[in-house]
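File shown: run_35.txt (compact mmCIF, N, CA, C and O atoms).
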```txt
# COMPACT_ATOMS: atom_id res chain seq x y z
N MET A 1 20.30 85.28 114.37
CA MET A 1 21.21 85.74 115.40
C MET A 1 22.55 86.20 114.85
O MET A 1 23.09 87.15 115.39
N PRO A 2 23.13 85.58 113.84
CA PRO A 2 24.42 86.04 113.34
C PRO A 2 24.37 87.47 112.83
O PRO A 2 25.35 88.20 112.94
N VAL A 3 23.24 87.90 112.28
CA VAL A 3 23.12 89.26 111.76
C VAL A 3 23.17 90.26 112.92
O VAL A 3 23.81 91.31 112.83
N LYS A 4 22.54 89.93 114.02
CA LYS A 4 22.53 90.80 115.18
C LYS A 4 23.95 90.94 115.76
O LYS A 4 24.37 92.03 116.13
N LYS A 5 24.69 89.85 115.82
CA LYS A 5 26.05 89.90 116.33
C LYS A 5 26.95 90.71 115.41
O LYS A 5 27.80 91.47 115.86
N LEU A 6 26.74 90.55 114.10
CA LEU A 6 27.53 91.30 113.13
C LEU A 6 27.25 92.80 113.26
O LEU A 6 28.16 93.63 113.22
N ARG A 7 25.98 93.14 113.41
CA ARG A 7 25.59 94.54 113.56
C ARG A 7 26.20 95.13 114.84
O ARG A 7 26.70 96.25 114.84
N THR A 8 26.19 94.37 115.91
CA THR A 8 26.78 94.82 117.17
C THR A 8 28.29 95.01 117.01
O THR A 8 28.85 95.99 117.49
N LEU A 9 28.93 94.07 116.33
CA LEU A 9 30.38 94.15 116.12
C LEU A 9 30.74 95.38 115.28
O LEU A 9 31.70 96.10 115.60
N VAL A 10 29.98 95.65 114.24
CA VAL A 10 30.23 96.82 113.38
C VAL A 10 29.98 98.10 114.18
O VAL A 10 30.76 99.07 114.09
N GLY A 11 28.95 98.13 114.99
CA GLY A 11 28.67 99.30 115.82
C GLY A 11 29.76 99.55 116.83
O GLY A 11 30.19 100.69 117.06
N LEU A 12 30.26 98.48 117.45
CA LEU A 12 31.35 98.62 118.41
C LEU A 12 32.62 99.10 117.73
O LEU A 12 33.32 99.97 118.26
N ALA A 13 32.93 98.58 116.56
CA ALA A 13 34.11 99.02 115.82
C ALA A 13 34.00 100.50 115.45
O ALA A 13 34.98 101.26 115.54
N GLY A 14 32.83 100.93 115.05
CA GLY A 14 32.62 102.35 114.72
C GLY A 14 32.77 103.25 115.93
O GLY A 14 33.38 104.32 115.86
N ALA A 15 32.24 102.81 117.06
CA ALA A 15 32.36 103.61 118.28
C ALA A 15 33.82 103.72 118.72
O ALA A 15 34.27 104.79 119.15
N LEU A 16 34.57 102.63 118.62
CA LEU A 16 35.98 102.67 119.00
C LEU A 16 36.79 103.55 118.06
O LEU A 16 37.73 104.23 118.48
N THR A 17 36.43 103.57 116.79
CA THR A 17 37.12 104.41 115.83
C THR A 17 36.89 105.88 116.14
O THR A 17 37.81 106.69 116.08
N LEU A 18 35.66 106.23 116.50
CA LEU A 18 35.34 107.62 116.82
C LEU A 18 35.95 108.05 118.15
O LEU A 18 36.21 109.23 118.37
N ALA A 19 36.16 107.11 119.05
CA ALA A 19 36.69 107.43 120.37
C ALA A 19 38.21 107.50 120.40
O ALA A 19 38.79 107.84 121.42
N ALA A 20 38.86 107.21 119.29
CA ALA A 20 40.33 107.25 119.24
C ALA A 20 40.80 108.68 119.48
O ALA A 20 40.25 109.63 118.93
N PRO A 21 41.82 108.86 120.31
CA PRO A 21 42.30 110.22 120.60
C PRO A 21 42.98 110.84 119.39
O PRO A 21 43.59 110.15 118.57
N ALA A 22 42.86 112.14 119.29
CA ALA A 22 43.52 112.87 118.20
C ALA A 22 45.00 112.98 118.53
O ALA A 22 45.40 113.05 119.69
N THR A 23 45.83 113.00 117.52
CA THR A 23 47.26 113.11 117.75
C THR A 23 47.60 114.55 118.11
O THR A 23 47.03 115.50 117.57
N ALA A 24 48.51 114.70 119.04
CA ALA A 24 48.97 116.02 119.46
C ALA A 24 50.47 116.10 119.28
O ALA A 24 51.18 115.12 119.52
N SER A 25 50.93 117.25 118.86
CA SER A 25 52.37 117.39 118.69
C SER A 25 53.01 117.72 120.03
O SER A 25 52.47 118.48 120.83
N ALA A 26 54.15 117.15 120.28
CA ALA A 26 54.87 117.39 121.53
C ALA A 26 55.68 118.67 121.41
O ALA A 26 56.17 119.01 120.33
N ILE A 27 55.83 119.38 122.52
CA ILE A 27 56.65 120.59 122.51
C ILE A 27 58.09 120.20 122.80
O ILE A 27 58.36 119.17 123.41
N THR A 28 59.00 121.03 122.38
CA THR A 28 60.42 120.74 122.60
C THR A 28 60.81 121.18 124.01
O THR A 28 60.12 121.98 124.65
N ALA A 29 61.91 120.67 124.48
CA ALA A 29 62.40 121.02 125.82
C ALA A 29 62.76 122.50 125.90
O ALA A 29 62.53 123.14 126.93
N GLU A 30 63.29 123.05 124.82
CA GLU A 30 63.67 124.46 124.82
C GLU A 30 62.44 125.35 124.97
O GLU A 30 62.46 126.33 125.72
N VAL A 31 61.38 125.03 124.26
CA VAL A 31 60.14 125.81 124.35
C VAL A 31 59.55 125.69 125.76
O VAL A 31 59.12 126.68 126.35
N ALA A 32 59.56 124.49 126.31
CA ALA A 32 59.02 124.28 127.65
C ALA A 32 59.81 125.07 128.69
O ALA A 32 59.23 125.70 129.58
N ARG A 33 61.14 125.07 128.58
CA ARG A 33 61.97 125.82 129.52
C ARG A 33 61.73 127.32 129.39
O ARG A 33 61.63 128.03 130.40
N ALA A 34 61.64 127.81 128.15
CA ALA A 34 61.42 129.23 127.93
C ALA A 34 60.06 129.66 128.48
O ALA A 34 59.94 130.71 129.13
N CYS A 35 59.05 128.84 128.27
CA CYS A 35 57.71 129.18 128.75
C CYS A 35 57.63 129.07 130.27
O CYS A 35 56.95 129.87 130.91
N ASP A 36 58.32 128.09 130.85
CA ASP A 36 58.34 127.96 132.30
C ASP A 36 59.00 129.19 132.93
O ASP A 36 58.52 129.72 133.94
N ALA A 37 60.08 129.66 132.33
CA ALA A 37 60.75 130.86 132.83
C ALA A 37 59.86 132.09 132.68
O ALA A 37 59.82 132.95 133.57
N ALA A 38 59.12 132.16 131.57
CA ALA A 38 58.23 133.30 131.35
C ALA A 38 57.09 133.29 132.36
O ALA A 38 56.71 134.35 132.88
N VAL A 39 56.57 132.12 132.68
CA VAL A 39 55.50 132.02 133.68
C VAL A 39 56.03 132.42 135.05
O VAL A 39 55.38 133.16 135.80
N ALA A 40 57.24 131.96 135.39
CA ALA A 40 57.83 132.31 136.69
C ALA A 40 58.07 133.81 136.81
O ALA A 40 57.93 134.39 137.89
N LYS A 41 58.40 134.45 135.69
CA LYS A 41 58.64 135.90 135.70
C LYS A 41 57.31 136.66 135.79
O LYS A 41 57.21 137.65 136.50
N ALA A 42 56.31 136.21 135.05
CA ALA A 42 55.02 136.90 135.03
C ALA A 42 54.21 136.66 136.29
O ALA A 42 53.42 137.51 136.71
N PHE A 43 54.38 135.50 136.92
CA PHE A 43 53.63 135.14 138.12
C PHE A 43 54.61 134.75 139.22
O PHE A 43 54.81 133.56 139.50
N PRO A 44 55.25 135.72 139.87
CA PRO A 44 56.26 135.40 140.88
C PRO A 44 55.64 134.70 142.09
O PRO A 44 54.49 134.98 142.45
N PRO A 45 56.39 133.81 142.72
CA PRO A 45 55.86 133.10 143.89
C PRO A 45 55.80 134.01 145.12
O PRO A 45 56.56 134.98 145.21
N ARG A 46 54.91 133.70 146.04
CA ARG A 46 54.83 134.46 147.28
C ARG A 46 56.08 134.22 148.13
O ARG A 46 56.58 135.14 148.77
N GLN A 47 56.53 132.97 148.17
CA GLN A 47 57.74 132.60 148.89
C GLN A 47 58.67 131.91 147.91
O GLN A 47 58.28 130.93 147.28
N ILE A 48 59.87 132.39 147.81
CA ILE A 48 60.85 131.78 146.92
C ILE A 48 61.14 130.36 147.40
O ILE A 48 61.41 130.14 148.58
N GLY A 49 61.07 129.40 146.51
CA GLY A 49 61.38 128.02 146.84
C GLY A 49 60.25 127.23 147.46
O GLY A 49 60.42 126.08 147.80
N ASN A 50 59.08 127.83 147.60
CA ASN A 50 57.94 127.13 148.19
C ASN A 50 56.76 127.19 147.21
O ASN A 50 55.96 128.13 147.26
N PRO A 51 56.63 126.21 146.33
CA PRO A 51 55.55 126.25 145.35
C PRO A 51 54.16 126.15 145.99
O PRO A 51 53.18 126.59 145.41
N ALA A 52 54.07 125.62 147.21
CA ALA A 52 52.78 125.50 147.87
C ALA A 52 52.26 126.84 148.38
O ALA A 52 51.09 126.96 148.71
N ALA A 53 53.12 127.86 148.43
CA ALA A 53 52.71 129.17 148.92
C ALA A 53 51.84 129.91 147.91
O ALA A 53 51.16 130.86 148.26
N GLY A 54 51.86 129.49 146.66
CA GLY A 54 51.04 130.14 145.64
C GLY A 54 51.78 131.28 144.97
O GLY A 54 52.95 131.54 145.22
N SER A 55 51.06 131.97 144.12
CA SER A 55 51.63 133.05 143.34
C SER A 55 51.18 134.39 143.90
O SER A 55 50.07 134.55 144.40
N ALA A 56 52.07 135.38 143.81
CA ALA A 56 51.75 136.72 144.26
C ALA A 56 50.75 137.39 143.32
O ALA A 56 50.01 138.29 143.72
N LYS A 57 50.74 136.96 142.06
CA LYS A 57 49.82 137.52 141.07
C LYS A 57 49.11 136.39 140.35
O LYS A 57 49.71 135.37 140.05
N GLY A 58 47.86 136.58 140.04
CA GLY A 58 47.13 135.64 139.21
C GLY A 58 46.74 134.34 139.89
O GLY A 58 47.10 134.07 141.03
N THR A 59 45.98 133.55 139.15
CA THR A 59 45.51 132.26 139.64
C THR A 59 46.19 131.15 138.85
O THR A 59 46.88 131.40 137.87
N GLY A 60 45.96 129.93 139.28
CA GLY A 60 46.51 128.79 138.57
C GLY A 60 45.99 128.70 137.15
O GLY A 60 46.72 128.36 136.22
N LYS A 61 44.72 129.04 136.97
CA LYS A 61 44.12 129.01 135.64
C LYS A 61 44.81 130.02 134.72
O LYS A 61 45.11 129.72 133.56
N GLU A 62 45.06 131.22 135.25
CA GLU A 62 45.74 132.24 134.45
C GLU A 62 47.15 131.81 134.09
O GLU A 62 47.62 132.07 132.99
N GLN A 63 47.84 131.12 135.01
CA GLN A 63 49.19 130.63 134.73
C GLN A 63 49.17 129.58 133.63
O GLN A 63 50.03 129.59 132.74
N ARG A 64 48.20 128.67 133.67
CA ARG A 64 48.10 127.63 132.63
C ARG A 64 47.81 128.26 131.28
O ARG A 64 48.39 127.88 130.26
N GLU A 65 46.90 129.24 131.24
CA GLU A 65 46.57 129.92 129.99
C GLU A 65 47.79 130.65 129.43
O GLU A 65 48.03 130.64 128.22
N TYR A 66 48.56 131.27 130.31
CA TYR A 66 49.77 131.98 129.90
C TYR A 66 50.78 131.01 129.31
O TYR A 66 51.38 131.27 128.27
N PHE A 67 50.96 129.86 129.97
CA PHE A 67 51.89 128.84 129.49
C PHE A 67 51.44 128.32 128.13
O PHE A 67 52.24 128.16 127.21
N GLN A 68 50.13 128.03 127.98
CA GLN A 68 49.62 127.53 126.70
C GLN A 68 49.78 128.56 125.59
O GLN A 68 50.09 128.21 124.45
N LYS A 69 49.60 129.83 125.91
CA LYS A 69 49.79 130.89 124.93
C LYS A 69 51.26 130.95 124.50
O LYS A 69 51.57 131.11 123.33
N CYS A 70 52.14 130.79 125.49
CA CYS A 70 53.57 130.80 125.20
C CYS A 70 53.95 129.62 124.29
O CYS A 70 54.68 129.79 123.33
N VAL A 71 53.43 128.44 124.59
CA VAL A 71 53.73 127.25 123.78
C VAL A 71 53.18 127.44 122.37
O VAL A 71 53.83 127.09 121.39
N ALA A 72 51.98 128.01 122.25
CA ALA A 72 51.37 128.23 120.94
C ALA A 72 52.21 129.21 120.11
O ALA A 72 52.24 129.10 118.88
N ASN A 73 52.90 130.13 120.78
CA ASN A 73 53.75 131.11 120.09
C ASN A 73 55.21 130.66 120.02
O ASN A 73 56.10 131.48 119.81
N ASN A 74 55.44 129.37 120.25
CA ASN A 74 56.77 128.77 120.13
C ASN A 74 57.79 129.40 121.09
O ASN A 74 58.93 129.66 120.73
N GLY A 75 57.34 129.67 122.32
CA GLY A 75 58.24 130.17 123.35
C GLY A 75 58.34 131.67 123.46
O GLY A 75 59.10 132.18 124.27
N LYS A 76 57.57 132.37 122.69
CA LYS A 76 57.59 133.83 122.74
C LYS A 76 56.22 134.33 123.16
O LYS A 76 55.22 133.99 122.56
N VAL A 77 56.19 135.17 124.20
CA VAL A 77 54.93 135.70 124.71
C VAL A 77 54.94 137.20 124.57
O VAL A 77 55.89 137.87 124.98
N ASP A 78 53.89 137.74 123.98
CA ASP A 78 53.74 139.19 123.90
C ASP A 78 53.13 139.67 125.20
O ASP A 78 51.97 139.40 125.49
N ASP A 79 53.92 140.35 126.01
CA ASP A 79 53.38 140.95 127.22
C ASP A 79 52.91 142.35 126.87
O ASP A 79 53.69 143.29 126.80
N LEU A 80 51.61 142.46 126.65
CA LEU A 80 51.04 143.74 126.29
C LEU A 80 50.95 144.61 127.53
O LEU A 80 50.68 144.12 128.62
N PRO A 81 51.17 145.92 127.38
CA PRO A 81 51.05 146.79 128.56
C PRO A 81 49.61 146.80 129.04
O PRO A 81 48.67 146.53 128.29
N ALA A 82 49.45 147.09 130.31
CA ALA A 82 48.12 147.11 130.90
C ALA A 82 47.26 148.15 130.20
O ALA A 82 47.73 149.22 129.80
N ALA A 83 46.00 147.86 130.04
CA ALA A 83 45.07 148.77 129.37
C ALA A 83 44.89 150.02 130.22
O ALA A 83 44.88 149.97 131.45
N ALA A 84 44.73 151.15 129.55
CA ALA A 84 44.53 152.40 130.26
C ALA A 84 43.14 152.40 130.90
O ALA A 84 42.20 151.80 130.34
N PRO A 85 42.97 153.04 132.03
CA PRO A 85 41.65 153.11 132.64
C PRO A 85 40.65 153.78 131.71
O PRO A 85 41.02 154.65 130.92
N LYS A 86 39.41 153.40 131.81
CA LYS A 86 38.39 153.91 130.89
C LYS A 86 38.12 155.41 131.08
O LYS A 86 37.76 156.10 130.15
N ASP A 87 38.30 155.90 132.30
CA ASP A 87 37.99 157.30 132.55
C ASP A 87 39.17 158.23 132.30
O ASP A 87 39.07 159.42 132.52
N SER A 88 40.29 157.71 131.83
CA SER A 88 41.44 158.57 131.55
C SER A 88 41.24 159.27 130.22
O SER A 88 40.65 158.74 129.30
N LYS A 89 41.78 160.47 130.14
CA LYS A 89 41.64 161.26 128.92
C LYS A 89 42.89 161.08 128.08
O LYS A 89 43.99 160.96 128.61
N PRO A 90 42.74 161.04 126.76
CA PRO A 90 43.91 160.89 125.90
C PRO A 90 44.83 162.10 125.99
O PRO A 90 44.37 163.23 126.21
N ALA A 91 46.12 161.88 125.84
CA ALA A 91 47.08 162.98 125.90
C ALA A 91 46.97 163.83 124.66
O ALA A 91 46.68 163.33 123.57
N LYS A 92 47.20 165.14 124.82
CA LYS A 92 47.10 166.07 123.68
C LYS A 92 48.43 166.31 123.06
O LYS A 92 49.45 166.29 123.58
```
How does this structure look as structure tokens?
Amino acid sequence: MPVKKLRTLVGLAGALTLAAPATASAITAEVARACDAAVAKAFPPRQIGNPAAGSAKGTGKEQREYFQKCVANNGKVDDLPAAAPKDSKPAK
């Protein structure tokens, strides 16, 4: 019986070691403020001062992705111009 308990204890210790969360770096307040302002500019609210009204553009998922992209770029977001329609002809 002691061998079985030891094996269980070692298995439990291994499982807990693998389940430990990975460390994540925290963002600075300046980056968070800059990204929050960029999200507010890119996704304006339908009603000023009413966050429950939703956004005039985009979805919540798109806003989160935009914020994460901004944080990954240390507070700077490249706003690429909209892609040209596929049926448009190049200028000569």
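Comparing the minimum interatomic distances between Lys69 in chain A and each of A:Leu12, A:Cys35, A:Ala40, A:Ala26, counting only C-alpha atoms, we find that A:Cys35 sits nearest.
What separates CA of Arg46 in chain A from atom N of Gly58 in chain A is a distance of 10.3 Å.
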Worksheet item: Skipping near chain neighbours, those fewer than 4 positions away, what residues fall within 7 Å of Gly54 in chain A using all atoms listed in the file, listed as a ChimeraX atom specification?
Response: /A:43-47,50,58
Can you write just those residues out, N, CA, C and O atoms, as an mmCIF file, in the coordinates of the input?
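Produced file out-v2.cif, reproduced below:
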```cif
data_model
loop_
_atom_site.group_PDB
_atom_site.id
_atom_site.type_symbol
_atom_site.label_atom_id
_atom_site.label_comp_id
_atom_site.auth_asym_id
_atom_site.auth_seq_id
_atom_site.Cartn_x
_atom_site.Cartn_y
_atom_site.Cartn_z
ATOM 1 N N PHE A 43 54.380 135.500 136.920
ATOM 2 C CA PHE A 43 53.630 135.140 138.120
ATOM 3 C C PHE A 43 54.610 134.750 139.220
ATOM 4 O O PHE A 43 54.810 133.560 139.500
ATOM 5 N N PRO A 44 55.250 135.720 139.870
ATOM 6 C CA PRO A 44 56.260 135.400 140.880
ATOM 7 C C PRO A 44 55.640 134.700 142.090
ATOM 8 O O PRO A 44 54.490 134.980 142.450
ATOM 9 N N PRO A 45 56.390 133.810 142.720
ATOM 10 C CA PRO A 45 55.860 133.100 143.890
ATOM 11 C C PRO A 45 55.800 134.010 145.120
ATOM 12 O O PRO A 45 56.560 134.980 145.210
ATOM 13 N N ARG A 46 54.910 133.700 146.040
ATOM 14 C CA ARG A 46 54.830 134.460 147.280
ATOM 15 C C ARG A 46 56.080 134.220 148.130
ATOM 16 O O ARG A 46 56.580 135.140 148.770
ATOM 17 N N GLN A 47 56.530 132.970 148.170
ATOM 18 C CA GLN A 47 57.740 132.600 148.890
ATOM 19 C C GLN A 47 58.670 131.910 147.910
ATOM 20 O O GLN A 47 58.280 130.930 147.280
ATOM 21 N N ASN A 50 59.080 127.830 147.600
ATOM 22 C CA ASN A 50 57.940 127.130 148.190
ATOM 23 C C ASN A 50 56.760 127.190 147.210
ATOM 24 O O ASN A 50 55.960 128.130 147.260
ATOM 25 N N GLY A 58 47.860 136.580 140.040
ATOM 26 C CA GLY A 58 47.130 135.640 139.210
ATOM 27 C C GLY A 58 46.740 134.340 139.890
ATOM 28 O O GLY A 58 47.100 134.070 141.030
#
```
Worksheet entry | Best match for closeness to Gly75 in chain A among A:Lys61, A:Arg33, A:Lys41, A:Arg7, counting only C-alpha atoms | A:Arg33
